[in-house]
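One structure is given here, and the rest of the page talks about it.
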Amino acid sequence: MSDAVRSASERRAEIQRHANAIGIGEEYIALLVDEFYRRVRADDVLGPIFEDAIGDRWGHHMPRMKSFWASVALNAGTYSGQPVPVHKKLTHLEQSHFELWLKLFRETLEETASTPDAVAYFMERANRIAESLQLAMFGFPGLPVKRP
């Protein structure tokens, strides 16, 4: 059956079955997000950027990040936010910070995921997210950067 014929709930169920088969579920996402942001906060470069942006609102931020990653990985549909405008406000954020973010994310995955397929699954999505945010924030290479 083609994607055009299948319902959204059928596609969601198929995505969730595949994710579960490679060791990705809500419990793992919670573990991943908690460990990843622990590492981010401890990082000499990223820690101050996140602390400056989030401050004492980590209790609010973490459930949102878990919801975001559940929506990304499981097509859960629980996240309703606008990451691009939020990230565009971070005027001290540089493209090199995305490389570091991805490096920490991969390290966290490699140390916590139960299968190599889970690492690949998340990294494919993380790379797309990073690329999308970078394009929104910095434009295409060679074009002038427009910052608010």
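Residues are named by chain letter and number: chains run A, B, ... in the order of the structure tokens, numbers start at 1 in each chain, and ligands are numbered from 1 in the order shown.
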- Message: Give me, as a ChimeraX atom specification, the residues of chain A that a backbone DSSP run labels alpha helix (DSSP H).
- Response: /A:8-21,26-42,46-54,58-74,83-88,95-112,116-138
- Task: Please identify all polymer residues within 10 Å of range 9-23 of chain A, counting only C-alpha atoms, omitting same-chain residues fewer than 6 positions from it, and present them as a VMD selection string.
- Result: chain A and resid 3 29 70 73 to 77 113 to 119 121 to 122
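Of the listed residues A:Tyr37, A:Ala130, A:Val5, A:Thr112, the one whose atoms come nearest to His87 in chain A is A:Ala130, with distances taken using only C-alpha atoms.
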- Residue neighbourhood range 95-111 of chain A, 12 Å, only C-alpha atoms, exclusion window fewer than 2 positions, as a ChimeraX atom specification: /A:23-24,28-29,31-50,87,90-93,113-141,145
- If you measure from CA of Glu26 in chain A to CA of Lys66 in chain A, what distance in Å do you get, rounded to one decimal?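 Taking CA of Glu26 in chain A as the start and CA of Lys66 in chain A as the end point, the length is 8.3 Å.
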